[in-house]
Each structure stands twice: as C-alpha cells, then as structure tokens.
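Structure first, then comments.
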Amino acid sequence: MKKHTGRAKLMLVFLMITALFVTACGSGNTNAGTNNTGNTAGESNAPNEGADVNSGEKVKLKFTFWGSPQEKKAVEDAIKAFEAKNQNVTIESIHIPGTDFLQKLNAMIAGNEAPDLSYSAAWKLKMGEEGLIYNFFDLIKEDPSIKKEDYLQYAWWNWDTDKSAGPYQASVVPSLMYNADLFKEAGVELPPTKAEEAWNWDEFVETAKKLTLDRSGKHPDDPGFDPKNIKQYGVKFSLSWSSYMPLVMSNGGDYLTEDGKEFGLAKPEATEALQRIADLINVHHVSPSPVQASSIPAPATALQSRKVAMVIDGSWNHTRLLNGLIPNFYEGKLTGRVMLNQRNINDIEPWRFGRIAGSVFQDSRSQLFTSVVEDVPSVGRTMEWHQNLSVSV
C-alpha cells in the first residue's frame with residue numbers, strides 16, 4: 001500500500017460527504033467477479049498524491065457511480081455543492097449503468113485509468129485482496145472523527161481481520177406489502193400483524209392461490225386454470241438473497257455449515273426453503289418467473305395496477321411511509337401505525353426525524369438508510385444488503 005498522505009485525507013472527506021447518497025438500489029452487477037489484471041488501480045496516474053484539500057493545491061479526482069436518472073442528478077448536484085465549498089478540487093464524475101458497471105470498471109483498471117473513488121458492492125473485497133483499494137482502517141487513523149468502536153463488529157466490509165473496504169452504508173429488511181382492495185374483493189383476511197398469528201408456509205401459499213387469477217378469472221386450483229395467461233399474481237417474490245436468505249435461515253440453514261467447512265446452501269435445511277420458493281413459480285403458479293417478473297413494474301406500481309396482490313421486497317419501498325409523505329402528500333389511506341425506533345412517526349418532529357433516517361431521492365425503489373448499522377429500523381432478523389464507496393490505491 002502507498003503512503004496515505006493528504007490525498008488520502010481529501011478522498012476520505014469526499015467519501016464521508018457522499019456517504020449520504022451512496023445507497024443506490026441498482027446492484028452494479030454484484031454477482032460478477034473481478035479480473036486480476038496485475039495492475040494496481042491508479043498506479044500510473046496519481047498526480048494528486050500528497051495533495052491536501054486545505055493547501056489550495058489543485059486536485060482532480062475521478063469518481064464512478066451507477067443509478068437511475070434521478071440519482072444521477074442528485075449525485076451531480078452533490079458534487080457541485082462539494083466543489084463550491086472546496087474550489088481547489090474538481091470531481092470528474094462518470095455515470096455507468098449498473099448492468100455494465102463492473103465490466104467497465106475492470107476495463108478502466110486494466111487500462112490504468114482506475115477511478116479514485118467508486119460505488120462498489122461485495123466484489124470490493126476481491127479488489128482488496130488484489131491490492132486495488134485502500135485499507136479503510138489505515139485511512140481512519142488520519143481522521144479522528146471516525147472511530148471503529150462506534151460501529152458494530154459485523155458492520156464492516158473486511159477482506160482480512162485488519163483490512164477493510166469500509167463500513168456498511170445501508171441495511172434493509174424484506175417486507176410483505178399488499179393491495180388491501182384485492183384482499184377484500186377476494187374475500188380474504190388481511191395478513192396478520194402479530195407474530196403469534198403469523199401464517200405458516202401452507203397458509204401463505206393458500207392465500208396466494210386465492211389472490212391469483214388467470215384471464216378467465218380462475219384460481220390455480222380451479223379446473224381449466226391457465227398458468228400461461230395469468231392476469232394477477234398472488235405474490236411477487238424478489239429472488240435476491242436479501243429475500244430468500246431469511247427463509248433459509250428460519251428453516252435452520254445458512255451460507256455455511258456451523259463449523260464453516262461446508263457449503264450450507266447445499267444442505268437440506270437450505271434446499272428445502274429454496275425449493276419452496278421455486279414451487280411458488282413452477283408448482284403453485286402464484287408467483288411470476290424471473291422472465292415474467294421482468295415485465296412487471298416496481299412494487300408500488302405493480303400493486304396499484306393490480307398486477308400482483310402481494311410483494312415481498314426490501315424495506316427501501318417504505319420511505320414514503322417513514323417520512324410522512326403517505327398519506328400527507330401521496331394520496332392513500334394509512335391504517336395502523338408506522339414505528340421508528342419504537343416511536344410513532346406522528347410523534348416525531350420533522351427536524352428530529354431527519355437525524356434518525358434519510359431518503360435517497362432516486363425512483364420508486366428509493367431506500368432507507370442511516371449512517372450506523374445499529375440505528376437501522378428492522379423487523380425480526382435483519383438481512384443486510386449494503387453498498388459503499390471504495391477508494392483506489
């Protein structure tokens with residue numbers, strides 16, 4: 001690793017400022033691996049090494065990110081605000097679509113054109129092992145405002161015991177959302193809200209069947225039901241790990257076996273849970289396949305347009321509830337209570353609310369985040385999905 005001089009301090013300042021909006025819902029192709037190019041990111045073009053944000057020396061930093069058009073604008077506006085306060089600093093922002101992000105980032109690294117800062121996902125750990133990014137624990141030694149002990153032990157992206165790509169920037173939990181009108185029309189009771197009254201899996205499947213309709217108005221158990229022409233699905237189940245892993249873990253499974261020596265998802269406890277999810281699509285015909293789901297809009301729109309009756313997806317869908325926009329701005333009827341930190345949001349003054357939670361203004365998949373993992377609202381066992389900035393060497 002290189003000596004962390006003023007340039008590292010500058011990048012760290014920028015990292016902390018942008019942490020407020022680096023929680024994009026697009027994944028940046030998080031399933032892909034990194035290419036071991038043999039090059040060190042930024043090795044051949046590090047003119048800012050040693051530059052200090054307070055020295056007045058001109059500094060130019062390259063920053064890559066993904067996100068919707070709304071997020072792109074929010075990021076660019078934030079960069080302008082940063083540059084206005086630090087007029088010796090210029091940020092070259094490069095927006096890359098999430099599906100192409102890692103491929104293009106690897107190409108930049110291979111061509112010795114790596115960014116100084118970048119959006120990142122789980123693949124950042126591989127980059128850390130390859131020496132392509134700074135060790136965040138080294139960086140925070142130069143910034144007393146960031147203390148490792150202020151974070152939970154598991155709140156770090158570590159590729160070794162003492163080497164980290166930084167703390168998590170967002171945590172989410174899977175949630176069940178539904179269109180109450182469709183329940184009423186089908187004569188089905190609304191989902192229970194108390195843990196002791198929760199559905200078991202068979203009850204959940206039966207409810208989804210009652211809410212699934214083909215274009216002739218038939219349910220999956222009705223004679224003549226056409227699974228190739230479904231008008232309304234009972235449930236749209238997000239197939240990301242943040243949705244299926246809670247079911248795996250509640251069934252006694254995990255990524256690894258308890259001794260850490262075997263692949264846990266291949267064990268009966270995990271495969272049973274995963275098979276049940278697959279059966280929603282292929283056996284019960286109450287949930288769309290990945291191909292069918294690609295034509296179904298985002299959760300809020302899917303529910304409103306009656307494409308689906310229930311959606312299981314991340315808690316980023318709930319920011320309009322938490323920030324009070326529903327029902328005060330967006331038309332709708334709110335029943336029950338919205339709780340944050342065990343307090344009803346109606347009892348929290350807006351200025352105090354802003355200190356607890358914030359919204360990223362992107363699109364219908366905007367999500368909830370806080371700066372510290374333990375402050376994130378959660379329901380049951382939290383399944384965390386995280387992104388943050390990485391700083392190249």
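By order in the structure tokens, chains are A, B, ...; within a chain, residues start at 1; ligands start at 1, following the order shown.
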Residues flagged helix (DSSP H, G or I) by DSSP in range 94-196 of chain A, as number ranges by chain: A: 98-110, 124-129, 136-142, 148-150, 180-186, 195-196
Filtered DSSP result for range 196-297 of chain A, state strand (DSSP E), as number ranges by chain: A: 213-214, 230-237
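Note that CA of Glu203 in chain A and CA of Val291 in chain A are 26.3 Å apart.
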Two-atom distance - CA of Ser305 in chain A, CA of Leu190 in chain A (Å): 18.7 Å
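The environment of Leu61 in chain A within 9 Å, counting only C-alpha atoms and disregarding residues fewer than 4 places along the same chain, consists of Met11, Asn48, Val89, Thr90, Ile91, Glu92, Ser93, Pro115, Asp116 and Leu117 of chain A.
The gap separating CA of Ala270 in chain A from CA of Met249 in chain A is 7.6 Å, in Å to one decimal.
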